[in-house]
Each structure stands twice: as C-alpha cells, then as structure tokens.
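Each remark here refers to the structure printed beneath this line.
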Amino acid sequence: MTVPPPRTGLLATGIRWRDGRANLVLTDPADEQTLQPLTPGTIAGWRLDGPRTCVGIRAKAGRRVPCPRSTALPETAPRAQCERCALADPSRALARDQAMDDPRPFSLYLAWFGPGLVKVGLTATERRAARLADQGAPMFTWLAHGPLVAVRGTERKCSATGTVRERIPHRAKAAAWWRPRVAGPPQELADAHARLTPLLPDTLTPAPCDIQDLTGFYGLTDAPPPTRDQAASLAQDALLHGEFTCVAGHDALITTDTGPLFVDLRLLTGWHLTPDRGRTSGVTVKPLDTGRAPDGSVQEELF
C-alpha cells in the first residue's frame, strides 16, 4: 500500500475576531494555534495542501479534538466540520438549545446588516462585540442583559413579532456589502430597539439604545471597490495571494494579481497552508451575486 506523503503547512481551523480585527487560525499537529491577522491592508498568501478534511471538535479551554474519521470536505463547502463533529461540538450546543444551564451572564443584541436586515441574537456577555464581528454586522446595539434562559426566551419573543429575524442568510449579508453606506446610525435599528424594549421581562436588565459602528474594523466605511468574481472553490495546490481590502465576519475582498476577488474565508478551513506570494491560481470563480438586477436595482426577493 502506498503511504501518502505528509501534508505540509499549518491546518487552517477557522476565523477568529479579537480586539477588533479578524485572524485566520492556523493549528500545528500539537494543537498549538497561531493567529494570522487579516486587517484591511494586509498582504498575505498561502499555498493549499490537502486533501481538505474536517477540522474536528472545539473542546473546552479552546482545545481541539481532531476528527476521528478525517472526513473529507467538499472544496465548495463553506464549513469546517463534518456533520458528526458539528453535532458533537459543545460550542454549537447553545444554538441547538442543549446548553441552557450555562451559568454565565448573557446579552441580547440587535444587529443591522442593511436596509430591511435587522437581526436579534444572543451572546455570552464576556464576548462583547466579538460575536457581532463574527457575523460581519456593520452596526448593532445591546437590548438587554441577564441569565441565558430569559435571554433565549426573549430572543424568540422578539423574532415572533416580525420586527426582527433570528437568522439572516449569508447571501443577503454579502449582497448588502455593495449598497451605499448609510449616513449615521440607521433609524430602523433605533425603532426596533424602542419597539422591543417593552417585551423585556423583569428577569432581564434593559440596555439603552447605543448604536455601535463596526464598519471601520471591516474597511467598509465606503462601499467596496467593484468586482465581478467570487471564489466558488479552492483546489489542491491552489495559491491565494493578495491584499485584503475589506474583511467582515468570515468574508473578504482580496485584490489579487488578476483583480478584486470576493472570498468566503471558510473555504480555507480544512486545508494545510504554507505562506506563498506567487500568482493566484487554482481558484474556481463564479459571478458575484450582489443582489442587484442588471439595471442596478435591488432584487428584494433575495431577502
């Protein structure tokens, strides 16, 4: 039996926001992590070594348990885990309502992604704005703070009003990138805060409407430069190199040698990466869907 050669480079295991900037998490065989900053203006590049596989489970204390099956991931999949590891991952238990005994204080927030795109969500209070940056929210405000069960129940109650949503598709968030920037805090976010505050139970502490703007972190103070291409997949031995113009959540606009390229950075996870500054290659592209019709009008049915 032929033994495959060992893979080179560090395993890309995710995108992590810390102190207002995005980082690519690179993990060595001993599970020691290196953070590669991806702030706007950063020039970086990597060659991919595969096959692309599941990154495993994020266990307690930030440690990672490798996928026992080394399950292969499709090159087009914007996810880092196989289905089994995702189901077993304790960091995802909260989203499945399987960790409602978490004793930490939690916060309820309202996030604005663009006109008509207001989301309600929760996060551990200790994470503060990092959770909003994870999602690429341009602006947000806190709604309330308190124990998890009360916060989760209120999140559902707010969503049921139809004023806000619990989930906004990635496609809609990405499309909102190319809309003109608003001048000042969006009124619909303040209106949602005023409308939902009376729904708060006595077990929660209301938070004033204090809209925070994260667009400066992302490099999105103005609309991004025009581009027609979006990365659909990254192949074995692909090379991705360029200047990171905008980074929001796990999305980036990278100026490569062939022009601007919109990349969901989750496509890097599961590959072993080696720094390389050659010409970008091995990237399959597809037409970028900005949510606009040929005449420039917004296709509202996307949302």
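Note on naming: chains are A, B, ... as they come in the structure tokens, residues start from 1 per chain, ligands start from 1 in the order shown.
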According to DSSP computed on the backbone, where in stretch 5-246 of chain A is there alpha helix (DSSP H)? Give the residues as a ChimeraX atom specification. /A:83-88,130-135,148-160,170-176,187-196,215-218
I'd like to know which residues of stretch 123-250 of chain A are strand (DSSP E or B) (by DSSP, run on the backbone); could you write them as number ranges by chain? A: 123-124, 139-146, 165, 205-206, 212-213, 229-248
Could you check the closest approach to A:Val118 for each of A:Pro225, A:Pro186, A:Pro103, A:Pro275 and tell me which residue wins, using only C-alpha atoms? A:Pro186
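The residue that comes closest to A:Asp28, out of A:Ile43, A:Val55, A:Val182, A:Leu48 and on the basis of only C-alpha atoms, is A:Val55.
Take the candidates A:Ala252, A:Pro115, A:Arg131, A:Leu143 and check each one against A:Ala172 using only C-alpha atoms; the shortest distance goes to A:Pro115.
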Would you mind telling me which residue in A:Gly116, A:Pro287, A:Pro147, A:Gly282 lies nearest to A:Leu204 when using only C-alpha atoms? A:Pro147
Extract, using only C-alpha atoms, all DNA, RNA and protein residues at most 6 Å from A:Phe113, discarding same-chain residues fewer than 4 positions from it, and format them as a short mmCIF file (atom, residue, chain, number, x, y, z; two decimals) with C-alpha atoms, in the first residue's frame.
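See out-v4.cif below for the written result:
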```
data_model
loop_
_atom_site.label_atom_id
_atom_site.label_comp_id
_atom_site.auth_asym_id
_atom_site.auth_seq_id
_atom_site.Cartn_x
_atom_site.Cartn_y
_atom_site.Cartn_z
CA LEU A 117 -31.97 43.34 7.56
CA ALA A 137 -22.67 43.17 11.44
CA PRO A 138 -21.98 46.77 10.37
#
```
Counting only C-alpha atoms, the option among A:Thr227, A:Thr215, A:Thr13, A:Gln135 closest to A:Arg167: A:Gln135
Between A:Gln33, A:Thr154, A:Ser233, A:Ser281, which residue has the minimum interatomic distance to A:Thr256, considering only C-alpha atoms? A:Ser281
